Amino acid sequence: MKLLRAIVLLCVCCQGVLAQQNELKFNEVKAEYFFGTIIEHNPDISHLITGHPSGLILSYSRKPYGYNEWEGRYNYPDWGFTYIFQDLDNQFLGQVHSVYGHFNFYFWKRRLSIGIGQGVGYATNPYDPETNFENNAYGSDFLSSTLLKFNFVQENIIDGLGVTLGMGVIHYSNANFKAPNNSTNTFYISAGATYLFNSINYPEALVPVAWGSEFYSEPIHYNFVVRSGVNEADVNGLGQYPFITLSAFVDKRINYKSSFQLGTDLFISGMIERLIEYRSIAFTSDGLSGDEDARRIGVFVGHELRFNKVAFVSQLGYYVYWPYEFENRVYNRLGLKRYITENLFGSITVKAHYAKAEAVEFSLGIRL
């Protein structure tokens, strides 16, 4: 009996080892040089647009081929990490070093890739009230950064080497973490080379794989989320204050990729409380007493695009309770979500009013 148990246990272990060995892991590195210009999205940064930013994009990617179910459903996107060095070609802006997590999605027989990355940048010459007051784009050393890129690619031309030509946009902003925060958007064109490790074993043609039924749905789930962080009003020197947002929503997953959401937010903002106090004293003509309620209540609809345990979240909301007129009544939220377990998740999102960011939210939630 003990021998039988040992044999069964050995078979199970061997099966697990073989399953891990069956998944070949292919990796690719890419180097690109880029050259571009800062888009004048706000006239307040016109004095910072004096040259043509340039820099280097280095990336590492895992190249899937359909071993995992979710990869096949998205036409085998690659994922990994990107580092960017950018010289803004302006003495007040300096340089920015940034790192991202990225996804690259492929189209047109894998000749066209659309990449998106979210990460953090470090500005070498941010705003300083005494030594660099001209830099009203970056109010802090650390910035939130978004990368959007379109590349024509020809991979593995010979012995793993390939080439790429592309264009994209690099966005830097601290999302009102600290004022000032006018941000920059760099449009660029690029050229580079790629190298695929173990290319001799990589499939020549990636074809769709049948993973059983294409139809999948889940019953309605109830979600409760706590979001928090710090931010500052667009008044230099007013100070950073914490905020807390309590969210409750229902979601309905309609297939393997998409879920729809409907919910409500309660916003409690120390920054708005301080802004009301400041304006009631400094701008008496505004008619503020200083006792206005800084809380806001919103309702929103949303969508969640799932990639295995990671999801891209987009929400559009409207303030139904808005006693103090801060920005406008329509708000939006974009970001990334990670499912820690089936019922517990964390996320990092940017809450904004159209293109004007209010805060970076760090969230923890449960899904019942």
# chains A, B, ... in the order shown; residues from 1 in each chain; ligands from 1

$ residues_around --residues "stretch 129-136 of chain A" --least-positions-apart "3" --cutoff "10 Å" --atoms "only C-alpha atoms" --output "ChimeraX atom specification"
/A:44-45,47-48,90-94,125-126,139,179-183,236-237

$ write_last_selection --atoms "N, CA, C and O atoms" --output "PDB file, in the first residue's frame"
ATOM      1  N   ASP A  44       0.555  77.248 -21.142  1.00  0.00           N
ATOM      2  CA  ASP A  44       1.413  77.557 -19.993  1.00  0.00           C
ATOM      3  C   ASP A  44       2.790  76.909 -20.083  1.00  0.00           C
ATOM      4  O   ASP A  44       3.698  77.280 -19.335  1.00  0.00           O
ATOM      5  N   ILE A  45       2.949  75.915 -20.980  1.00  0.00           N
ATOM      6  CA  ILE A  45       4.261  75.274 -21.100  1.00  0.00           C
ATOM      7  C   ILE A  45       4.981  75.682 -22.385  1.00  0.00           C
ATOM      8  O   ILE A  45       6.008  75.087 -22.735  1.00  0.00           O
ATOM      9  N   HIS A  47       6.915  78.080 -23.068  1.00  0.00           N
ATOM     10  CA  HIS A  47       8.310  78.495 -22.855  1.00  0.00           C
ATOM     11  C   HIS A  47       9.246  77.310 -22.646  1.00  0.00           C
ATOM     12  O   HIS A  47      10.469  77.475 -22.681  1.00  0.00           O
ATOM     13  N   LEU A  48       8.683  76.104 -22.438  1.00  0.00           N
ATOM     14  CA  LEU A  48       9.495  74.907 -22.237  1.00  0.00           C
ATOM     15  C   LEU A  48       9.741  74.135 -23.528  1.00  0.00           C
ATOM     16  O   LEU A  48      10.512  73.173 -23.543  1.00  0.00           O
ATOM     17  N   ASN A  90      15.703  70.982 -23.056  1.00  0.00           N
ATOM     18  CA  ASN A  90      15.333  72.270 -22.466  1.00  0.00           C
ATOM     19  C   ASN A  90      15.996  72.350 -21.095  1.00  0.00           C
ATOM     20  O   ASN A  90      15.895  71.405 -20.301  1.00  0.00           O
ATOM     21  N   GLN A  91      16.680  73.452 -20.819  1.00  0.00           N
ATOM     22  CA  GLN A  91      17.465  73.547 -19.589  1.00  0.00           C
ATOM     23  C   GLN A  91      16.599  73.472 -18.337  1.00  0.00           C
ATOM     24  O   GLN A  91      17.075  73.061 -17.278  1.00  0.00           O
ATOM     25  N   PHE A  92      15.336  73.850 -18.425  1.00  0.00           N
ATOM     26  CA  PHE A  92      14.473  73.831 -17.252  1.00  0.00           C
ATOM     27  C   PHE A  92      13.845  72.463 -17.010  1.00  0.00           C
ATOM     28  O   PHE A  92      13.551  72.096 -15.877  1.00  0.00           O
ATOM     29  N   LEU A  93      13.637  71.698 -18.081  1.00  0.00           N
ATOM     30  CA  LEU A  93      13.049  70.367 -17.952  1.00  0.00           C
ATOM     31  C   LEU A  93      14.086  69.300 -17.638  1.00  0.00           C
ATOM     32  O   LEU A  93      13.794  68.340 -16.926  1.00  0.00           O
ATOM     33  N   GLY A  94      15.286  69.431 -18.175  1.00  0.00           N
ATOM     34  CA  GLY A  94      16.333  68.448 -17.908  1.00  0.00           C
ATOM     35  C   GLY A  94      16.072  67.125 -18.601  1.00  0.00           C
ATOM     36  O   GLY A  94      15.612  67.067 -19.740  1.00  0.00           O
ATOM     37  N   ASN A 125      15.406  67.555 -13.062  1.00  0.00           N
ATOM     38  CA  ASN A 125      15.377  69.005 -12.794  1.00  0.00           C
ATOM     39  C   ASN A 125      13.936  69.486 -12.610  1.00  0.00           C
ATOM     40  O   ASN A 125      13.429  70.281 -13.409  1.00  0.00           O
ATOM     41  N   PRO A 126      13.256  69.039 -11.541  1.00  0.00           N
ATOM     42  CA  PRO A 126      11.854  69.423 -11.345  1.00  0.00           C
ATOM     43  C   PRO A 126      11.725  70.869 -10.856  1.00  0.00           C
ATOM     44  O   PRO A 126      12.724  71.555 -10.620  1.00  0.00           O
ATOM     45  N   GLY A 139       6.181  69.097 -11.046  1.00  0.00           N
ATOM     46  CA  GLY A 139       6.224  69.629  -9.696  1.00  0.00           C
ATOM     47  C   GLY A 139       6.944  68.750  -8.705  1.00  0.00           C
ATOM     48  O   GLY A 139       7.107  69.120  -7.545  1.00  0.00           O
ATOM     49  N   ALA A 179       2.018  70.290  -6.790  1.00  0.00           N
ATOM     50  CA  ALA A 179       1.957  71.380  -7.771  1.00  0.00           C
ATOM     51  C   ALA A 179       3.358  71.956  -7.986  1.00  0.00           C
ATOM     52  O   ALA A 179       4.194  71.909  -7.086  1.00  0.00           O
ATOM     53  N   PRO A 180       3.588  72.519  -9.221  1.00  0.00           N
ATOM     54  CA  PRO A 180       2.708  72.584 -10.392  1.00  0.00           C
ATOM     55  C   PRO A 180       2.683  71.260 -11.145  1.00  0.00           C
ATOM     56  O   PRO A 180       3.544  70.406 -10.939  1.00  0.00           O
ATOM     57  N   ASN A 181       1.711  71.128 -12.054  1.00  0.00           N
ATOM     58  CA  ASN A 181       1.553  69.846 -12.744  1.00  0.00           C
ATOM     59  C   ASN A 181       0.934  70.056 -14.120  1.00  0.00           C
ATOM     60  O   ASN A 181      -0.150  69.576 -14.416  1.00  0.00           O
ATOM     61  N   ASN A 182       1.624  70.791 -14.987  1.00  0.00           N
ATOM     62  CA  ASN A 182       1.106  71.007 -16.336  1.00  0.00           C
ATOM     63  C   ASN A 182       1.470  69.873 -17.279  1.00  0.00           C
ATOM     64  O   ASN A 182       0.898  69.768 -18.356  1.00  0.00           O
ATOM     65  N   SER A 183       2.453  69.049 -16.917  1.00  0.00           N
ATOM     66  CA  SER A 183       2.805  67.824 -17.640  1.00  0.00           C
ATOM     67  C   SER A 183       3.385  68.092 -19.034  1.00  0.00           C
ATOM     68  O   SER A 183       3.331  69.215 -19.544  1.00  0.00           O
ATOM     69  N   ASN A 236       0.668  76.764  -6.042  1.00  0.00           N
ATOM     70  CA  ASN A 236       1.997  76.409  -5.565  1.00  0.00           C
ATOM     71  C   ASN A 236       2.163  76.739  -4.083  1.00  0.00           C
ATOM     72  O   ASN A 236       1.861  77.861  -3.647  1.00  0.00           O
ATOM     73  N   GLY A 237       2.632  75.755  -3.324  1.00  0.00           N
ATOM     74  CA  GLY A 237       2.904  75.977  -1.914  1.00  0.00           C
ATOM     75  C   GLY A 237       1.730  75.765  -0.990  1.00  0.00           C
ATOM     76  O   GLY A 237       1.866  75.941   0.224  1.00  0.00           O
TER      77      GLY A 237
END

$ residues_around --residues "A:Asn201" --least-positions-apart "4" --cutoff "12 Å" --atoms "only C-alpha atoms" --output "MDAnalysis selection string"
chainID A and resid 23:27 65 156 159:160 196:197 205

$ write_last_selection --atoms "all heavy atoms" --output "mmCIF file, in the first residue's frame"
data_model
loop_
_atom_site.group_PDB
_atom_site.id
_atom_site.type_symbol
_atom_site.label_atom_id
_atom_site.label_comp_id
_atom_site.auth_asym_id
_atom_site.auth_seq_id
_atom_site.Cartn_x
_atom_site.Cartn_y
_atom_site.Cartn_z
ATOM 1 N N GLU A 23 6.397 23.987 -21.401
ATOM 2 C CA GLU A 23 6.244 25.390 -21.743
ATOM 3 C C GLU A 23 7.622 26.002 -21.987
ATOM 4 O O GLU A 23 8.355 26.337 -21.072
ATOM 5 C CB GLU A 23 5.537 26.173 -20.640
ATOM 6 C CG GLU A 23 5.338 27.645 -21.024
ATOM 7 C CD GLU A 23 4.689 28.461 -19.935
ATOM 8 O OE1 GLU A 23 4.492 27.940 -18.825
ATOM 9 O OE2 GLU A 23 4.368 29.638 -20.201
ATOM 10 N N LEU A 24 7.968 26.136 -23.252
ATOM 11 C CA LEU A 24 9.216 26.804 -23.597
ATOM 12 C C LEU A 24 9.044 28.305 -23.396
ATOM 13 O O LEU A 24 7.996 28.863 -23.710
ATOM 14 C CB LEU A 24 9.582 26.508 -25.048
ATOM 15 C CG LEU A 24 9.813 25.034 -25.394
ATOM 16 C CD1 LEU A 24 10.083 24.882 -26.890
ATOM 17 C CD2 LEU A 24 10.960 24.452 -24.584
ATOM 18 N N LYS A 25 10.053 28.971 -22.871
ATOM 19 C CA LYS A 25 9.978 30.401 -22.591
ATOM 20 C C LYS A 25 10.946 31.145 -23.502
ATOM 21 O O LYS A 25 12.154 30.925 -23.455
ATOM 22 C CB LYS A 25 10.283 30.670 -21.117
ATOM 23 C CG LYS A 25 9.251 30.055 -20.184
ATOM 24 C CD LYS A 25 9.531 30.366 -18.728
ATOM 25 C CE LYS A 25 8.450 29.766 -17.832
ATOM 26 N NZ LYS A 25 8.699 30.049 -16.400
ATOM 27 N N PHE A 26 10.369 32.009 -24.343
ATOM 28 C CA PHE A 26 11.165 32.784 -25.293
ATOM 29 C C PHE A 26 11.222 34.236 -24.834
ATOM 30 O O PHE A 26 10.205 34.818 -24.432
ATOM 31 C CB PHE A 26 10.548 32.702 -26.690
ATOM 32 C CG PHE A 26 10.510 31.301 -27.241
ATOM 33 C CD1 PHE A 26 9.377 30.512 -27.083
ATOM 34 C CD2 PHE A 26 11.601 30.772 -27.899
ATOM 35 C CE1 PHE A 26 9.334 29.232 -27.578
ATOM 36 C CE2 PHE A 26 11.573 29.485 -28.399
ATOM 37 C CZ PHE A 26 10.440 28.709 -28.238
ATOM 38 N N ASN A 27 12.402 34.831 -24.943
ATOM 39 C CA ASN A 27 12.619 36.193 -24.492
ATOM 40 C C ASN A 27 13.207 37.035 -25.616
ATOM 41 O O ASN A 27 13.980 36.531 -26.447
ATOM 42 C CB ASN A 27 13.560 36.222 -23.281
ATOM 43 C CG ASN A 27 13.059 35.347 -22.153
ATOM 44 O OD1 ASN A 27 11.959 35.521 -21.658
ATOM 45 N ND2 ASN A 27 13.872 34.372 -21.756
ATOM 46 N N TYR A 65 3.494 31.947 -27.195
ATOM 47 C CA TYR A 65 3.124 31.295 -28.451
ATOM 48 C C TYR A 65 1.838 30.498 -28.294
ATOM 49 O O TYR A 65 1.532 29.630 -29.124
ATOM 50 C CB TYR A 65 4.262 30.379 -28.926
ATOM 51 C CG TYR A 65 4.689 29.351 -27.898
ATOM 52 C CD1 TYR A 65 4.158 28.072 -27.901
ATOM 53 C CD2 TYR A 65 5.592 29.686 -26.903
ATOM 54 C CE1 TYR A 65 4.530 27.131 -26.955
ATOM 55 C CE2 TYR A 65 5.983 28.767 -25.953
ATOM 56 C CZ TYR A 65 5.455 27.493 -25.975
ATOM 57 O OH TYR A 65 5.818 26.584 -25.022
ATOM 58 N N ASN A 156 13.130 38.391 -36.149
ATOM 59 C CA ASN A 156 13.844 37.155 -36.470
ATOM 60 C C ASN A 156 14.144 37.036 -37.967
ATOM 61 O O ASN A 156 13.845 36.020 -38.603
ATOM 62 C CB ASN A 156 13.030 35.950 -35.979
ATOM 63 C CG ASN A 156 13.842 34.674 -35.933
ATOM 64 O OD1 ASN A 156 15.069 34.704 -35.925
ATOM 65 N ND2 ASN A 156 13.149 33.541 -35.896
ATOM 66 N N ASP A 159 18.955 34.698 -37.567
ATOM 67 C CA ASP A 159 19.558 34.309 -36.286
ATOM 68 C C ASP A 159 19.029 35.124 -35.112
ATOM 69 O O ASP A 159 19.772 35.542 -34.229
ATOM 70 C CB ASP A 159 21.083 34.451 -36.350
ATOM 71 C CG ASP A 159 21.711 33.495 -37.345
ATOM 72 O OD1 ASP A 159 21.106 32.430 -37.601
ATOM 73 O OD2 ASP A 159 22.790 33.814 -37.875
ATOM 74 N N GLY A 160 17.717 35.382 -35.092
ATOM 75 C CA GLY A 160 17.098 36.089 -33.979
ATOM 76 C C GLY A 160 17.087 37.592 -34.097
ATOM 77 O O GLY A 160 16.429 38.273 -33.302
ATOM 78 N N LEU A 196 15.816 37.977 -30.594
ATOM 79 C CA LEU A 196 15.014 36.921 -29.990
ATOM 80 C C LEU A 196 15.930 35.769 -29.582
ATOM 81 O O LEU A 196 16.606 35.171 -30.429
ATOM 82 C CB LEU A 196 13.958 36.424 -30.984
ATOM 83 C CG LEU A 196 13.082 35.253 -30.539
ATOM 84 C CD1 LEU A 196 12.214 35.645 -29.346
ATOM 85 C CD2 LEU A 196 12.213 34.771 -31.700
ATOM 86 N N PHE A 197 15.969 35.487 -28.285
ATOM 87 C CA PHE A 197 16.777 34.377 -27.785
ATOM 88 C C PHE A 197 16.129 33.036 -28.166
ATOM 89 O O PHE A 197 14.906 32.922 -28.238
ATOM 90 C CB PHE A 197 16.920 34.469 -26.262
ATOM 91 C CG PHE A 197 17.722 35.661 -25.810
ATOM 92 C CD1 PHE A 197 17.094 36.857 -25.521
ATOM 93 C CD2 PHE A 197 19.100 35.582 -25.685
ATOM 94 C CE1 PHE A 197 17.820 37.966 -25.099
ATOM 95 C CE2 PHE A 197 19.843 36.677 -25.266
ATOM 96 C CZ PHE A 197 19.199 37.879 -24.973
ATOM 97 N N ALA A 205 5.034 30.139 -37.467
ATOM 98 C CA ALA A 205 3.702 30.726 -37.658
ATOM 99 C C ALA A 205 2.878 30.496 -36.398
ATOM 100 O O ALA A 205 2.759 29.356 -35.937
ATOM 101 C CB ALA A 205 3.016 30.115 -38.873
#

$ residues_around --residues "A:Val230" --least-positions-apart "5" --cutoff "12 Å" --atoms "only C-alpha atoms" --output "list of chain:residue names"
A:Asn174, A:Ala175, A:Asn176, A:Phe177, A:Lys178, A:Ala179, A:Gly239, A:Gln240, A:Tyr241, A:Pro242, A:Phe243, A:Ile244, A:Thr245, A:Ile268, A:Ser269, A:Gly270, A:Met271, A:Ile272, A:Glu358, A:Ala359, A:Val360, A:Glu361, A:Phe362

$ select_by_dssp --residues "stretch 151-363 of chain A" --states "helix (DSSP H, G or I)" --output "PyMOL selection string"
chain A and resi 199-201+270-282+284-286

$ residues_around --residues "A:Gln154" --least-positions-apart "5" --cutoff "10 Å" --atoms "only C-alpha atoms" --output "count of residues only"
10

$ closest_residue --among "A:Glu277, A:Glu232, A:Asp87, A:Asp78" --to "A:His102" --atoms "only C-alpha atoms"
A:Asp78

$ residues_around --residues "A:Gly365" --least-positions-apart "2" --cutoff "12 Å" --atoms "only C-alpha atoms" --output "NGL selection string"
:A and (222-228 or 245-249 or 337-348 or 362-363 or 367-368)

$ closest_residue --among "A:Asp141, A:Glu28, A:Glu292, A:Glu155" --to "A:Ser280" --atoms "only C-alpha atoms"
A:Glu292

$ residues_around --residues "stretch 309-321 of chain A" --least-positions-apart "3" --cutoff "7 Å" --atoms "only C-alpha atoms" --output "list in words"
Arg296, Ile297, Gly298, Val299, Phe300, Val301, Gly302, His303, Glu304, Leu305, Arg306, Arg329, Val330, Tyr331, Asn332, Arg333, Leu334, Gly335, Leu336, Lys337, Arg338 and Tyr339 of chain A

$ atom_distance --atom1 "atom CA of A:Asn328" --atom2 "atom CA of A:Ser145"
24.1 Å

$ atom_distance --atom1 "atom CA of A:Ser217" --atom2 "atom CA of A:Gly66"
22.1 Å

$ atom_distance --atom1 "atom CA of A:Asn185" --atom2 "atom CA of A:Phe326"
24.7 Å

$ select_by_dssp --residues "stretch 98-235 of chain A" --states "strand (DSSP E)" --output "compact mmCIF listing (two decimals) with C-alpha atoms, in the first residue's frame"
# COMPACT_ATOMS: atom_id res chain seq x y z
CA SER A 98 11.45 56.07 -16.55
CA VAL A 99 10.53 52.39 -16.18
CA TYR A 100 7.31 50.69 -17.32
CA GLY A 101 5.42 47.46 -17.40
CA HIS A 102 4.21 46.97 -20.98
CA PHE A 103 2.03 44.90 -23.32
CA ASN A 104 2.51 44.72 -27.11
CA PHE A 105 -0.45 43.58 -29.21
CA TYR A 106 0.04 42.34 -32.78
CA PHE A 107 -1.95 42.84 -35.99
CA LEU A 112 2.18 45.89 -36.77
CA SER A 113 2.38 46.13 -32.99
CA ILE A 114 0.54 48.49 -30.68
CA GLY A 115 2.22 48.84 -27.31
CA ILE A 116 1.05 50.42 -24.08
CA GLY A 117 3.09 50.90 -20.93
CA GLN A 118 2.46 52.38 -17.51
CA GLY A 119 5.23 53.31 -15.14
CA VAL A 120 7.17 55.82 -13.08
CA GLY A 121 9.61 58.49 -14.19
CA TYR A 122 12.36 60.35 -12.35
CA ALA A 123 12.91 63.98 -13.40
CA PHE A 142 8.84 61.27 -9.40
CA LEU A 143 6.24 61.31 -12.15
CA SER A 144 3.55 59.02 -13.44
CA SER A 145 4.24 58.09 -17.05
CA THR A 146 2.26 56.47 -19.85
CA LEU A 147 3.75 55.12 -23.08
CA LEU A 148 1.76 54.53 -26.28
CA LYS A 149 3.64 53.24 -29.33
CA PHE A 150 2.93 51.98 -32.85
CA ASN A 151 5.68 49.90 -34.49
CA PHE A 152 6.19 48.19 -37.81
CA VAL A 153 8.24 45.12 -36.95
CA GLN A 154 10.12 42.41 -38.78
CA GLU A 155 11.31 39.96 -36.18
CA ASN A 156 13.84 37.15 -36.47
CA ILE A 157 15.11 38.06 -39.94
CA ILE A 158 18.32 36.16 -39.38
CA LEU A 161 17.87 39.62 -35.23
CA GLY A 162 15.06 41.92 -36.36
CA VAL A 163 14.28 45.59 -37.04
CA THR A 164 11.56 48.01 -36.00
CA LEU A 165 10.30 51.43 -37.12
CA GLY A 166 7.71 53.32 -35.16
CA MET A 167 6.17 56.34 -33.53
CA GLY A 168 4.53 57.04 -30.21
CA VAL A 169 3.72 59.37 -27.35
CA ILE A 170 5.41 59.58 -23.93
CA HIS A 171 3.34 61.31 -21.23
CA TYR A 172 4.83 62.62 -17.97
CA SER A 173 2.68 63.94 -15.13
CA THR A 184 4.38 67.10 -21.04
CA ASN A 185 3.49 64.89 -24.00
CA THR A 186 6.32 63.97 -26.36
CA PHE A 187 5.47 62.77 -29.87
CA TYR A 188 8.36 60.80 -31.36
CA ILE A 189 9.53 58.66 -34.25
CA SER A 190 11.93 55.77 -33.66
CA ALA A 191 14.09 53.10 -35.24
CA GLY A 192 15.69 50.12 -33.59
CA ALA A 193 16.72 46.48 -33.53
CA THR A 194 15.41 43.37 -31.77
CA TYR A 195 17.00 40.09 -30.74
CA LEU A 196 15.01 36.92 -29.99
CA HIS A 221 -20.56 40.21 -8.26
CA TYR A 222 -20.47 42.90 -5.55
CA ASN A 223 -17.28 44.93 -5.09
CA PHE A 224 -16.11 47.21 -2.27
CA VAL A 225 -12.96 49.32 -2.67
CA VAL A 226 -10.92 51.71 -0.51
CA ARG A 227 -8.77 54.17 -2.48
CA SER A 228 -6.24 56.61 -1.02
CA GLY A 229 -3.20 58.79 -1.68
CA VAL A 230 -2.10 62.43 -1.43
CA ASN A 231 -2.51 65.36 -3.82

$ closest_residue --among "A:Tyr202, A:Phe215, A:Tyr83, A:Tyr278" --to "A:Ser258" --atoms "only C-alpha atoms"
A:Phe215

$ residues_around --residues "A:Pro219" --least-positions-apart "3" --cutoff "9 Å" --atoms "only C-alpha atoms" --output "PyMOL selection string"
chain A and resi 251-254

$ write_last_selection --atoms "N, CA and C atoms" --output "mmCIF file, in the first residue's frame"
data_model
loop_
_atom_site.group_PDB
_atom_site.id
_atom_site.type_symbol
_atom_site.label_atom_id
_atom_site.label_comp_id
_atom_site.auth_asym_id
_atom_site.auth_seq_id
_atom_site.Cartn_x
_atom_site.Cartn_y
_atom_site.Cartn_z
ATOM 1 N N ASP A 251 -20.442 44.188 -10.794
ATOM 2 C CA ASP A 251 -19.863 43.907 -12.101
ATOM 3 C C ASP A 251 -20.483 42.644 -12.668
ATOM 4 N N LYS A 252 -20.517 42.603 -13.980
ATOM 5 C CA LYS A 252 -21.037 41.450 -14.703
ATOM 6 C C LYS A 252 -20.031 41.076 -15.780
ATOM 7 N N ARG A 253 -19.397 39.918 -15.618
ATOM 8 C CA ARG A 253 -18.446 39.444 -16.612
ATOM 9 C C ARG A 253 -19.217 38.735 -17.708
ATOM 10 N N ILE A 254 -19.086 39.230 -18.964
ATOM 11 C CA ILE A 254 -19.901 38.710 -20.052
ATOM 12 C C ILE A 254 -19.142 37.706 -20.924
#
